[in-house]
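Coordinates as given in start-v2.cif (mmCIF, C-alpha atoms and all ligand atoms):
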data_target
#
loop_
_atom_site.label_atom_id
_atom_site.label_comp_id
_atom_site.auth_asym_id
_atom_site.auth_seq_id
_atom_site.Cartn_x
_atom_site.Cartn_y
_atom_site.Cartn_z
CA MET G 2 17.12 7.55 -27.08
CA THR G 3 13.87 5.69 -26.64
CA LYS G 4 12.42 4.01 -29.67
CA LEU G 5 8.76 4.17 -30.63
CA GLN G 6 7.71 0.67 -31.61
CA ASN G 7 4.46 -0.38 -33.18
CA ILE G 8 2.94 -3.31 -31.38
CA ILE G 9 -0.23 -5.19 -32.11
CA ILE G 10 -2.56 -6.19 -29.29
CA LYS G 11 -4.83 -9.21 -29.48
CA GLN G 12 -8.47 -8.29 -29.99
CA LYS G 13 -9.65 -9.60 -26.64
CA TYR G 14 -7.18 -7.41 -24.76
CA ALA G 15 -7.57 -4.50 -27.16
CA ALA G 16 -11.31 -4.27 -26.45
CA LYS G 17 -10.61 -3.88 -22.75
CA MET G 18 -7.76 -1.42 -23.32
CA GLN G 19 -9.98 0.75 -25.52
CA LYS G 20 -12.20 1.09 -22.44
CA ASP G 21 -9.45 2.71 -20.40
CA TYR G 22 -7.75 -0.41 -19.06
CA PRO G 23 -4.19 0.85 -18.48
CA LEU G 24 -2.09 -2.32 -18.15
CA ILE G 25 -0.30 -4.08 -21.00
CA GLU G 26 -0.59 -7.72 -20.06
CA LYS G 27 2.06 -10.25 -20.96
CA ASP G 28 -0.24 -12.31 -23.17
CA ALA G 29 -1.76 -9.29 -24.92
CA VAL G 30 0.94 -8.93 -27.56
CA VAL G 31 0.34 -10.76 -30.86
CA ASP G 32 4.01 -11.15 -31.85
CA LYS G 33 5.57 -13.26 -29.11
CA LYS G 34 9.03 -12.94 -30.67
CA LEU G 35 9.05 -9.15 -30.72
CA LYS G 36 12.25 -7.89 -29.10
CA LEU G 37 11.47 -5.12 -26.66
CA THR G 38 13.82 -3.21 -24.40
CA GLU G 39 12.91 -1.71 -21.04
CA GLY G 40 11.75 1.86 -21.60
CA ASP G 41 10.76 1.42 -25.25
CA LEU G 42 7.81 3.58 -26.15
CA LEU G 43 5.03 1.60 -27.78
CA ARG G 44 2.36 2.60 -30.26
CA LEU G 45 -0.37 0.15 -29.31
CA MET G 46 -2.63 -0.93 -32.17
CA ASP G 47 -5.38 -3.53 -32.36
CA GLU G 48 -5.53 -6.27 -35.00
CA GLN G 49 -7.60 -4.03 -37.26
CA ASN G 50 -4.83 -1.45 -37.07
CA LYS G 51 -6.88 0.85 -34.88
CA PHE G 52 -4.88 3.03 -32.50
CA ILE G 53 -5.24 2.22 -28.77
CA GLY G 54 -2.65 4.41 -27.10
CA ILE G 55 0.97 5.21 -26.44
CA GLY G 56 2.56 3.10 -23.73
CA TYR G 57 5.95 1.96 -22.54
CA TYR G 58 7.61 -1.39 -22.05
CA GLY G 59 8.48 -2.02 -18.42
CA SER G 60 8.27 -5.49 -17.03
CA GLN G 61 6.90 -5.92 -13.51
CA ASN G 62 4.87 -8.59 -11.73
CA LYS G 63 1.56 -7.19 -12.99
CA GLY G 64 2.34 -6.96 -16.69
CA ILE G 65 4.84 -5.72 -19.26
CA GLY G 66 4.00 -2.04 -19.29
CA TRP G 67 1.40 0.68 -19.06
CA VAL G 68 -0.58 2.94 -21.38
CA LEU G 69 0.51 6.54 -20.85
CA SER G 70 -1.62 8.42 -23.35
CA ARG G 71 -4.65 7.97 -25.58
CA LYS G 72 -3.41 10.61 -28.04
CA ALA G 73 -1.63 9.30 -31.14
CA ASN G 74 0.68 12.30 -31.38
CA GLU G 75 1.56 12.58 -27.67
CA LYS G 76 5.21 13.32 -26.93
CA ILE G 77 6.40 11.61 -23.77
CA ASN G 78 8.71 14.26 -22.34
CA VAL G 79 9.19 16.56 -19.34
CA ALA G 80 6.06 18.56 -20.20
CA PHE G 81 3.99 15.39 -20.40
CA PHE G 82 5.12 14.19 -16.96
CA ALA G 83 4.82 17.68 -15.43
CA ASN G 84 1.25 17.89 -16.64
CA LYS G 85 0.38 14.53 -15.03
CA ILE G 86 2.02 15.55 -11.76
CA GLU G 87 0.26 18.93 -11.73
CA THR G 88 -3.10 17.27 -12.22
CA ALA G 89 -2.27 14.76 -9.50
CA ILE G 90 -1.45 17.60 -7.12
CA THR G 91 -4.77 19.35 -7.70
CA HIS G 92 -6.45 16.17 -6.45
CA ARG G 93 -4.46 16.36 -3.18
CA LYS G 94 -5.01 20.07 -2.58
CA ALA G 95 -6.92 19.55 0.67
CA LEU G 96 -4.14 17.35 2.04
CA PHE G 97 -1.41 19.83 1.10
CA GLU G 98 -3.38 22.50 2.96
CA ASP G 99 -4.07 20.39 6.07
CA PRO G 100 -1.52 21.26 8.78
CA GLU G 101 -2.51 18.15 10.76
CA THR G 102 -1.57 15.71 7.97
CA THR G 103 1.90 16.07 6.46
CA ALA G 104 2.33 12.69 4.73
CA PHE G 105 0.24 11.30 1.91
CA ARG G 106 0.37 9.96 -1.65
CA VAL G 107 0.81 12.43 -4.49
CA VAL G 108 1.00 10.17 -7.55
CA ASN G 109 -0.63 6.75 -7.37
CA GLY G 110 0.64 5.00 -10.51
CA GLU G 111 -1.99 4.22 -13.12
CA GLY G 112 -4.63 5.99 -11.01
CA ASP G 113 -2.86 9.22 -11.96
CA GLY G 114 -2.04 8.11 -15.49
CA LEU G 115 1.52 7.04 -14.67
CA GLY G 116 1.53 3.26 -14.26
CA GLY G 117 4.71 1.92 -12.65
CA ILE G 118 5.52 4.99 -10.56
CA ILE G 119 4.44 6.15 -7.14
CA ILE G 120 5.30 9.44 -5.44
CA ASP G 121 4.65 10.04 -1.75
CA TYR G 122 5.00 13.26 0.24
CA TYR G 123 6.58 13.34 3.70
CA ASP G 124 6.67 16.84 5.15
CA GLY G 125 8.54 18.58 2.34
CA TYR G 126 10.30 15.47 1.06
CA TYR G 127 9.20 13.40 -1.93
CA VAL G 128 9.80 9.67 -2.30
CA ILE G 129 9.57 8.22 -5.81
CA GLN G 130 9.08 4.48 -6.20
CA TRP G 131 10.07 2.95 -9.54
CA TYR G 132 8.42 -0.38 -10.30
CA SER G 133 10.34 -1.33 -13.46
CA GLU G 134 13.57 -0.59 -15.21
CA GLY G 135 11.40 0.72 -18.04
CA ILE G 136 9.87 3.55 -16.05
CA TYR G 137 13.23 4.17 -14.36
CA SER G 138 14.71 4.89 -17.79
CA PHE G 139 12.49 8.01 -17.88
CA ARG G 140 13.86 9.17 -14.53
CA GLU G 141 15.58 12.31 -15.79
CA ASP G 142 12.41 13.66 -17.34
CA ILE G 143 10.25 12.61 -14.41
CA ILE G 144 12.53 14.11 -11.76
CA LYS G 145 12.82 17.31 -13.81
CA ALA G 146 9.02 17.40 -14.08
CA LEU G 147 8.65 16.96 -10.34
CA GLU G 148 11.24 19.65 -9.61
CA GLN G 149 9.40 22.07 -11.92
CA THR G 150 6.05 21.36 -10.34
CA VAL G 151 6.59 21.31 -6.59
CA GLU G 152 8.65 22.99 -3.93
CA TYR G 153 10.64 20.43 -2.03
CA LYS G 154 13.30 20.02 0.60
CA GLY G 155 14.63 16.81 -0.87
CA ILE G 156 13.81 13.88 -3.15
CA TYR G 157 14.42 10.20 -2.36
CA GLN G 158 13.71 7.10 -4.42
CA LYS G 159 13.08 3.37 -4.04
CA LYS G 160 13.93 1.07 -6.92
CA ARG G 161 11.60 -1.88 -6.80
CA PHE G 162 12.77 -3.86 -9.76
CA ASP G 163 15.36 -6.51 -8.95
CA ASP G 164 14.78 -9.98 -10.50
CA LYS G 165 11.85 -10.70 -8.23
CA GLY G 166 10.36 -7.21 -8.30
CA LYS G 167 11.91 -6.47 -4.94
CA TYR G 168 13.57 -3.36 -3.53
CA ILE G 169 17.22 -2.73 -4.44
CA GLU G 170 19.23 -1.71 -1.38
CA GLU G 171 21.29 1.43 -1.91
CA ASP G 172 21.54 5.09 -0.94
CA ASP G 173 18.07 6.36 -1.84
CA PHE G 174 18.89 10.07 -1.82
CA VAL G 175 18.36 11.78 -5.19
CA THR G 176 18.55 15.56 -4.86
CA GLY G 177 17.88 18.62 -2.71
CA GLU G 178 18.91 18.54 0.91
CA ARG G 179 19.31 15.33 2.85
CA GLY G 180 16.77 14.88 5.62
CA THR G 181 17.64 14.11 9.22
CA PHE G 182 15.92 10.95 10.34
CA PRO G 183 13.65 10.16 11.93
CA LEU G 184 11.57 12.75 10.20
CA ILE G 185 8.48 13.40 12.29
CA ILE G 186 5.35 13.57 10.15
CA LYS G 187 1.76 14.11 11.27
CA GLU G 188 -1.38 12.26 10.34
CA ASN G 189 -4.61 13.75 11.62
CA GLY G 190 -2.54 15.24 14.42
CA VAL G 191 -0.83 11.94 15.36
CA LYS G 192 2.94 11.89 14.98
CA PHE G 193 5.02 9.22 13.26
CA ALA G 194 8.76 8.78 12.99
CA VAL G 195 9.69 7.95 9.39
CA TYR G 196 12.95 7.04 7.68
CA LEU G 197 13.25 7.76 3.98
CA ASN G 198 16.69 6.24 3.51
CA ASP G 199 16.54 3.02 5.46
CA GLY G 200 15.42 0.22 3.17
CA ALA G 201 12.22 -0.52 1.31
CA MET G 202 9.78 0.76 3.92
CA THR G 203 9.53 4.14 5.64
CA GLY G 204 7.82 3.14 8.89
CA ILE G 205 4.25 3.91 7.95
CA PHE G 206 1.74 2.63 5.42
CA LEU G 207 -0.05 5.76 4.28
CA ASP G 208 -3.11 3.95 2.90
CA GLN G 209 -4.52 3.21 6.40
CA ARG G 210 -4.93 6.84 7.45
CA GLU G 211 -8.73 6.77 7.68
CA VAL G 212 -8.77 3.41 9.43
CA ARG G 213 -6.31 4.60 12.08
CA GLN G 214 -8.46 7.65 12.71
CA ALA G 215 -11.63 5.58 13.02
CA ILE G 216 -9.91 3.28 15.53
CA ARG G 217 -8.69 6.22 17.59
CA LYS G 218 -11.97 8.13 17.59
CA ARG G 219 -14.60 5.43 17.86
CA TYR G 220 -13.28 2.09 19.06
CA SER G 221 -10.47 2.54 21.55
CA ASN G 222 -11.75 4.27 24.63
CA GLY G 223 -11.27 1.92 27.58
CA ALA G 224 -10.42 -1.02 25.30
CA GLU G 225 -7.98 -3.89 25.72
CA MET G 226 -6.50 -3.72 22.22
CA LEU G 227 -4.53 -6.34 20.30
CA ASN G 228 -2.64 -5.31 17.17
CA THR G 229 -1.42 -8.26 15.10
CA PHE G 230 1.22 -7.98 12.35
CA SER G 231 1.87 -4.67 14.03
CA TYR G 232 5.09 -3.54 12.18
CA THR G 233 5.84 -0.14 13.81
CA GLY G 234 2.64 -0.18 15.86
CA ALA G 235 0.79 2.61 14.04
CA PHE G 236 -2.61 1.16 14.96
CA SER G 237 -1.52 0.68 18.59
CA VAL G 238 -0.43 4.30 18.90
CA ASN G 239 -3.80 5.46 17.61
CA ALA G 240 -5.61 3.14 20.01
CA ALA G 241 -3.54 4.39 22.95
CA LEU G 242 -4.25 8.01 22.00
CA GLY G 243 -7.93 7.10 21.72
CA GLY G 244 -7.94 5.97 25.35
CA ALA G 245 -7.22 2.24 25.15
CA ARG G 246 -6.64 0.76 28.59
CA MET G 247 -3.74 -1.19 27.15
CA THR G 248 -2.36 -2.11 23.74
CA THR G 249 -0.55 -5.32 22.79
CA SER G 250 1.42 -5.26 19.53
CA VAL G 251 2.56 -8.54 18.00
CA ASP G 252 5.02 -8.87 15.14
CA VAL G 253 7.54 -11.56 14.33
CA ALA G 254 10.24 -9.11 13.17
CA ASN G 255 12.88 -8.22 15.76
CA ARG G 256 12.98 -4.61 14.61
CA SER G 257 9.34 -4.12 15.57
CA ARG G 258 10.05 -3.60 19.28
CA ALA G 259 12.36 -0.58 18.92
CA LYS G 260 10.27 0.81 16.05
CA THR G 261 7.06 0.57 18.08
CA ASN G 262 8.68 2.06 21.20
CA GLU G 263 9.75 4.98 19.06
CA GLN G 264 6.24 5.64 17.67
CA PHE G 265 4.82 5.67 21.20
CA ALA G 266 7.61 7.94 22.40
CA VAL G 267 7.13 10.59 19.71
CA ASN G 268 3.50 10.80 20.81
CA ASN G 269 4.45 11.20 24.49
CA ILE G 270 3.14 7.79 25.47
CA ASP G 271 5.23 5.83 27.94
CA TYR G 272 5.91 2.63 26.02
CA GLU G 273 6.63 0.79 29.27
CA THR G 274 2.88 0.91 29.89
CA GLN G 275 2.18 -0.89 26.59
CA GLN G 276 2.96 -4.45 25.62
CA ILE G 277 5.12 -5.32 22.62
CA VAL G 278 5.56 -8.98 21.73
CA VAL G 279 8.07 -10.18 19.16
CA GLU G 280 6.52 -13.47 18.09
CA ASP G 281 4.68 -15.28 15.35
CA VAL G 282 1.02 -14.20 15.55
CA PHE G 283 -0.20 -17.78 15.38
CA GLN G 284 1.96 -18.71 18.36
CA TYR G 285 0.64 -15.70 20.22
CA PHE G 286 -2.97 -16.79 19.59
CA LYS G 287 -2.21 -20.12 21.23
CA TYR G 288 -0.57 -18.40 24.19
CA ALA G 289 -3.45 -15.93 24.67
CA ALA G 290 -6.06 -18.71 24.42
CA ARG G 291 -4.18 -20.78 27.02
CA LYS G 292 -3.98 -17.79 29.38
CA GLY G 293 -7.64 -16.96 28.79
CA ARG G 294 -6.74 -13.46 27.60
CA LEU G 295 -9.60 -11.72 25.83
CA PHE G 296 -9.59 -8.44 23.91
CA ASP G 297 -12.20 -5.77 23.21
CA LEU G 298 -10.56 -4.68 19.97
CA VAL G 299 -8.34 -6.71 17.63
CA VAL G 300 -6.68 -5.36 14.49
CA LEU G 301 -5.76 -7.90 11.82
CA ASP G 302 -3.53 -6.50 9.11
CA PRO G 303 -1.43 -9.32 7.70
CA PRO G 304 0.73 -9.09 4.60
CA SER G 305 -0.79 -10.73 1.49
CA PHE G 306 1.92 -13.30 1.64
CA ALA G 307 4.57 -14.05 4.26
CA LYS G 308 7.03 -16.78 4.98
CA THR G 309 8.35 -17.34 8.49
CA LYS G 310 10.50 -20.24 9.68
CA LYS G 311 7.45 -22.15 10.80
CA ARG G 312 4.86 -21.49 8.11
CA THR G 313 3.75 -19.69 5.00
CA PHE G 314 0.80 -17.34 5.29
CA SER G 315 -1.30 -16.41 2.28
CA ALA G 316 -4.21 -14.02 2.82
CA ALA G 317 -6.22 -15.65 0.03
CA LYS G 318 -5.88 -19.10 1.59
CA ASP G 319 -5.54 -18.45 5.31
CA TYR G 320 -7.64 -15.41 6.20
CA THR G 321 -10.62 -17.47 7.37
CA GLU G 322 -8.40 -19.43 9.75
CA LEU G 323 -6.83 -16.22 11.01
CA LEU G 324 -10.31 -14.86 11.78
CA LYS G 325 -11.35 -18.03 13.57
CA GLU G 326 -8.34 -17.84 15.87
CA THR G 327 -9.04 -14.16 16.45
CA ILE G 328 -12.68 -14.74 17.35
CA ALA G 329 -11.54 -17.17 20.05
CA ILE G 330 -9.66 -14.41 21.90
CA THR G 331 -12.17 -11.59 21.33
CA LYS G 332 -14.74 -10.69 23.99
CA ASP G 333 -18.47 -10.93 23.43
CA GLU G 334 -19.47 -7.61 21.77
CA GLY G 335 -15.82 -7.03 20.88
CA VAL G 336 -14.70 -5.50 17.59
CA ILE G 337 -12.40 -7.06 15.01
CA VAL G 338 -10.85 -4.80 12.39
CA ALA G 339 -10.16 -7.15 9.48
CA SER G 340 -7.87 -5.64 6.88
CA THR G 341 -6.16 -6.96 3.78
CA ASN G 342 -4.08 -5.48 0.99
CA SER G 343 -4.33 -8.58 -1.18
CA SER G 344 -5.40 -7.93 -4.75
CA ALA G 345 -5.99 -11.66 -5.21
CA PHE G 346 -9.61 -11.29 -4.00
CA ASN G 347 -12.24 -8.57 -3.83
CA MET G 348 -14.47 -7.23 -1.04
CA ARG G 349 -17.20 -9.76 -1.79
CA ARG G 350 -14.80 -12.67 -1.33
CA PHE G 351 -13.33 -11.04 1.77
CA LYS G 352 -16.79 -10.82 3.33
CA GLN G 353 -17.28 -14.49 2.53
CA PHE G 354 -14.17 -15.29 4.58
CA ILE G 355 -15.71 -13.33 7.46
CA GLN G 356 -19.02 -15.10 7.10
CA THR G 357 -17.40 -18.54 6.99
CA ALA G 358 -15.20 -17.86 10.02
CA CYS G 359 -18.19 -16.67 12.05
CA LYS G 360 -20.37 -19.54 10.94
CA GLU G 361 -17.77 -22.17 11.78
CA THR G 362 -17.30 -20.69 15.26
CA GLN G 363 -21.05 -20.18 15.81
CA THR G 364 -20.58 -16.47 16.21
CA SER G 365 -23.05 -13.86 15.04
CA TYR G 366 -21.70 -10.59 13.79
CA SER G 367 -22.58 -7.24 12.34
CA ILE G 368 -20.53 -5.06 10.03
CA LEU G 369 -20.00 -1.61 11.52
CA GLU G 370 -17.83 0.14 8.91
CA GLU G 371 -15.99 -0.57 5.68
CA TYR G 372 -13.00 1.14 4.10
CA SER G 373 -11.13 0.97 0.83
CA LEU G 374 -8.25 3.18 -0.33
CA PRO G 375 -8.38 6.86 0.67
CA SER G 376 -8.80 9.42 -2.09
CA ASP G 377 -5.08 10.25 -2.40
CA PHE G 378 -4.60 6.62 -3.51
CA ARG G 379 -6.47 7.37 -6.74
CA THR G 380 -7.71 4.37 -8.68
CA LEU G 381 -9.35 3.80 -12.05
CA ARG G 382 -12.77 2.28 -12.37
CA SER G 383 -11.41 0.39 -15.38
CA PHE G 384 -8.71 -1.21 -13.21
CA PRO G 385 -10.39 -2.56 -10.06
CA GLU G 386 -7.33 -4.66 -9.13
CA GLY G 387 -5.59 -1.37 -8.32
CA ASP G 388 -8.13 -0.80 -5.54
CA TYR G 389 -6.53 -3.41 -3.28
CA LEU G 390 -7.31 -2.27 0.27
CA LYS G 391 -10.29 -3.80 2.06
CA VAL G 392 -11.05 -3.11 5.71
CA VAL G 393 -14.13 -4.31 7.57
CA PHE G 394 -15.01 -3.43 11.19
CA ILE G 395 -16.98 -6.34 12.68
CA ARG G 396 -18.79 -6.54 16.01
CA ILE G 397 -19.08 -10.10 17.19
CA LYS G 398 -21.74 -11.67 19.40
CA LYS G 399 -20.80 -14.94 21.05
N1 LIG E 1 -0.24 -3.49 10.30
C1 LIG E 1 1.01 -2.82 10.00
C2 LIG E 1 1.58 -3.24 8.67
C3 LIG E 1 1.82 -4.72 8.56
S1 LIG E 1 3.20 -5.07 7.55
C4 LIG E 1 0.82 -1.32 10.06
O1 LIG E 1 -0.29 -0.86 10.27
O2 LIG E 1 1.79 -0.59 9.91
C5 LIG E 1 3.30 -6.79 7.82
C6 LIG E 1 4.02 -7.17 9.09
O3 LIG E 1 3.70 -8.52 9.36
C7 LIG E 1 5.55 -7.11 9.01
O4 LIG E 1 6.02 -6.22 9.99
C8 LIG E 1 5.99 -8.56 9.29
O5 LIG E 1 7.14 -8.60 10.11
C9 LIG E 1 4.79 -9.12 10.01
N2 LIG E 1 4.60 -10.58 9.94
C10 LIG E 1 4.58 -11.37 8.86
N3 LIG E 1 4.26 -12.64 9.21
C11 LIG E 1 4.06 -12.64 10.55
C12 LIG E 1 3.69 -13.64 11.49
N4 LIG E 1 3.46 -14.89 11.12
N5 LIG E 1 3.54 -13.28 12.77
C13 LIG E 1 3.76 -12.00 13.16
N6 LIG E 1 4.10 -11.01 12.32
C14 LIG E 1 4.26 -11.32 11.02
#

Can the structure in the file be given as structure tokens, please?
Amino acid sequence: MTKLQNIIIKQKYAAKMQKDYPLIEKDAVVDKKLKLTEGDLLRLMDEQNKFIGIGYYGSQNKGIGWVLSRKANEKINVAFFANKIETAITHRKALFEDPETTAFRVVNGEGDGLGGIIIDYYDGYYVIQWYSEGIYSFREDIIKALEQTVEYKGIYQKKRFDDKGKYIEEDDFVTGERGTFPLIIKENGVKFAVYLNDGAMTGIFLDQREVRQAIRKRYSNGAEMLNTFSYTGAFSVNAALGGARMTTSVDVANRSRAKTNEQFAVNNIDYETQQIVVEDVFQYFKYAARKGRLFDLVVLDPPSFAKTKKRTFSAAKDYTELLKETIAITKDEGVIVASTNSSAFNMRRFKQFIQTACKETQTSYSILEEYSLPSDFRTLRSFPEGDYLKVVFIRIKK
């Protein structure tokens, strides 16, 4: 049985939370010694005893829990969760009805009023991601709510709450019928092979849907394309379908070769005609520069933070350098698609990295297009850090 605990929030934090800020930050609680258990329901009050909301305790890297309701008498039960999921679904109606796109986000955490939980749709299957033990303790109610609200073939889950907030490896099947994998989903008519029960990742990052389409429709025809940090090569496949003369996908992970071959194959592209390089991107830059290889289109989509044997990459610290090395192997009038999912800096800062990199390499540039999260990744205006994706299409002039 979950307890409902009164907790008092420091005035500074309370003011923000009264204005719809959904996160309970670690330092927001007045009583440092208060003993809380994962999944405790919290009645959040300010220091003047004014009600803020009902939340839950669930420790994750961002904070110690989320506000779930602004109503003092709200019951957090199956009906509550079903109502949130129903509302979330109405916002994705166009995607559910689009036969050319069969994978997208259905519940985007706090953006849909359910901080700590994400639900994605993959052609009849739902994948729930739990970001804390606290939210996981509500799993029975949440799964029941989902089952009441949608028709599904099967439900899978990812627990992302080991000591370091990482994925816990186990059988991720929850209920319904088991899928056969790869499951072939479509995104704007392009196919992708996905695996719902094979570790933390499924094979595709759904937040780049619009960027992939832009690359395919407007930037690929006839292009020599380089895709760095390519993972399963989703950008490369779109470039090839958009008429790229050749794509080169570079990723340091061994698995990337077979995964990328597979994505080409399901789209009837002969992967032997494309280049896949398993190597550190920074090594590849050196190699390409030495060989005088130049590209018309380069996609940069590094992780926010990555450690390889040779170096540590941090988007916040190293993006400018990454851009400088990219500019060196991009043709005059070529296009660089600079992307980041780091919430450590905003679009303004990101554009400063671009400006600095161009200035230091004496390159002029113009910005062609900009993207943030697509609409199925709903965000709150009161919580800008949730709006993490930043993508800028740059044309460079050498
Ligand atoms: N752009 C991809 C997603 C990138 S995920 C997509 O559109 O699907 C980040 C990838 O970066 C991982 O596959 C990881 O193996 C790779 N990676 C991390 N550090 C790297 C490095 N130094 N060189 C090459 N690849 C790297």

Would you tabulate, counting all atoms listed in the file, all residues of chain G that have an atom at most 6 Å from an atom of ligand LIG 1 (chain E), showing the closest pair of atoms and their distance in Å to one decimal, sorted by chain then ascending number, as CSV?
residue,atom,partner,partner_atom,distance
G:Ile205,CA,E:LIG1,O2,5.5
G:Phe206,CA,E:LIG1,O2,5.5
G:Phe230,CA,E:LIG1,O3,3.9
G:Ser231,CA,E:LIG1,N1,4.4
G:Tyr232,CA,E:LIG1,O4,3.6
G:Thr233,CA,E:LIG1,O2,5.6
G:Ala235,CA,E:LIG1,O1,5.2
G:Phe236,CA,E:LIG1,O1,5.6
G:Asp252,CA,E:LIG1,N6,3.7
G:Val253,CA,E:LIG1,C13,4.0
G:Ala254,CA,E:LIG1,O5,4.4
G:Glu280,CA,E:LIG1,C13,5.8
G:Asp281,CA,E:LIG1,N5,3.5
G:Val282,CA,E:LIG1,N5,3.9
G:Asp302,CA,E:LIG1,N1,4.6
G:Pro303,CA,E:LIG1,C5,5.4
G:Pro304,CA,E:LIG1,C5,4.7
G:Ala307,CA,E:LIG1,N3,5.2

Prev. selection, C-alpha atoms, output as a JSON list (two decimals), in the coordinates of the input:
[["chain", "number", "residue", "atom", "x", "y", "z"],
["G", 205, "ILE", "CA", 4.25, 3.91, 7.95],
["G", 206, "PHE", "CA", 1.74, 2.63, 5.42],
["G", 230, "PHE", "CA", 1.22, -7.98, 12.35],
["G", 231, "SER", "CA", 1.87, -4.67, 14.03],
["G", 232, "TYR", "CA", 5.09, -3.54, 12.18],
["G", 233, "THR", "CA", 5.84, -0.14, 13.81],
["G", 235, "ALA", "CA", 0.79, 2.61, 14.04],
["G", 236, "PHE", "CA", -2.61, 1.16, 14.96],
["G", 252, "ASP", "CA", 5.02, -8.87, 15.14],
["G", 253, "VAL", "CA", 7.54, -11.56, 14.33],
["G", 254, "ALA", "CA", 10.24, -9.11, 13.17],
["G", 280, "GLU", "CA", 6.52, -13.47, 18.09],
["G", 281, "ASP", "CA", 4.68, -15.28, 15.35],
["G", 282, "VAL", "CA", 1.02, -14.20, 15.55],
["G", 302, "ASP", "CA", -3.53, -6.50, 9.11],
["G", 303, "PRO", "CA", -1.43, -9.32, 7.70],
["G", 304, "PRO", "CA", 0.73, -9.09, 4.60],
["G", 307, "ALA", "CA", 4.57, -14.05, 4.26]]

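Comparing G:Ser133, G:Gln209, G:Gln6, G:Gln12 by their smallest distance to Ser376 of chain G, the closest is G:Gln209 (using all atoms listed in the file).
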
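Across the model, the gap from atom CA of Gly117 of chain G to atom CA of Glu170 of chain G is 18.7 Å.
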
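With all atoms listed in the file as the atoms that count, the minimum distance from Leu5 of chain G to the choices G:Ile397, G:Leu24, G:Ala73, G:Leu147 is reached by G:Ala73.
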
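Within 10 Å of the point (-8.1, -15.8, 0.0), counting all atoms listed in the file, the protein and nucleic acid residues come to Ser305, Ser315, Ala316, Ala317, Lys318, Asp319, Tyr320, Thr321, Thr341, Ser343, Ser344, Ala345, Phe346, Asn347, Arg350, Phe351, Gln353 and Phe354 of chain G.
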
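Atom pair atom CA of Ile120 of chain G / atom CA of Lys260 of chain G has a distance of 23.7 Å (rounded to one decimal).
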
Would you please work out which residue, of G:Pro183, G:Gly244, G:Gly116, G:Gly387, is nearest to Gly204 of chain G when using only C-alpha atoms?
G:Pro183

Point-to-point distance from atom CA of Lys76 of chain G to atom CA of Lys13 of chain G, Å rounded to tenths:
27.3 Å

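Among G:Ile65, G:Val392, G:Ile169, G:Val338, the residue with the shortest atom-to-atom distance to Lys27 of chain G, counting all atoms listed in the file, is G:Ile65.
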
Proximity of segment 68-163 of chain G to segment 199-202 of chain G: per-residue shortest pair, 12 Å limit, all atoms listed in the file, as JSON lines:
{"residue": "G:Val128", "atom": "CA", "partner": "G:Met202", "partner_atom": "CA", "distance": 10.9}
{"residue": "G:Ile129", "atom": "CA", "partner": "G:Ala201", "partner_atom": "CA", "distance": 11.6}
{"residue": "G:Gln130", "atom": "CA", "partner": "G:Ala201", "partner_atom": "CA", "distance": 9.6}
{"residue": "G:Trp131", "atom": "CA", "partner": "G:Ala201", "partner_atom": "CA", "distance": 11.6}
{"residue": "G:Tyr157", "atom": "CA", "partner": "G:Asp199", "partner_atom": "CA", "distance": 10.8}
{"residue": "G:Gln158", "atom": "CA", "partner": "G:Ala201", "partner_atom": "CA", "distance": 9.6}
{"residue": "G:Lys159", "atom": "CA", "partner": "G:Ala201", "partner_atom": "CA", "distance": 6.7}
{"residue": "G:Lys160", "atom": "CA", "partner": "G:Ala201", "partner_atom": "CA", "distance": 8.6}
{"residue": "G:Arg161", "atom": "CA", "partner": "G:Ala201", "partner_atom": "CA", "distance": 8.2}
{"residue": "G:Phe162", "atom": "CA", "partner": "G:Ala201", "partner_atom": "CA", "distance": 11.6}

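Minimum atom-to-atom distances from G:Lys308, G:Leu197, G:Ser340, G:Gly243 to Lys218 of chain G were compared using only C-alpha atoms, and the lowest value belongs to G:Gly243.
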
I'd like the contact shell of Ala339 of chain G - 9 Å cut-off, only C-alpha atoms, skipping same-chain residues fewer than 6 positions apart - returned as a compact mmCIF listing (two decimals) with C-alpha atoms, in the frame of the given file.
# COMPACT_ATOMS: atom_id res chain seq x y z
CA VAL G 299 -8.34 -6.71 17.63
CA VAL G 300 -6.68 -5.36 14.49
CA LEU G 301 -5.76 -7.90 11.82
CA ASP G 302 -3.53 -6.50 9.11
CA LEU G 324 -10.31 -14.86 11.78
CA ILE G 355 -15.71 -13.33 7.46
CA LYS G 391 -10.29 -3.80 2.06
CA VAL G 392 -11.05 -3.11 5.71
CA VAL G 393 -14.13 -4.31 7.57
CA PHE G 394 -15.01 -3.43 11.19
CA ILE G 395 -16.98 -6.34 12.68

For Leu207 of chain G, the nearest of the candidates G:Lys192, G:Lys187, G:Arg140, G:Arg106, counting only C-alpha atoms
G:Arg106

Write out as an NGL selection string which residues come within 12 Å of Lys145 of chain G when counting all atoms listed in the file, dropping same-chain ones fewer than 5 positions away.
:G and (78-84 or 86 or 139-140 or 150-151 or 156 or 175-176)

Provide an axis-aligned box for all listed atoms of segment 214-229 of chain G, padding each side by 6 Å; report its centre and its edge lengths in Å to one decimal, as AutoDock Vina command-line options.
--center_x -8.0 --center_y -0.1 --center_z 20.1 --size_x 25.2 --size_y 28.4 --size_z 26.9
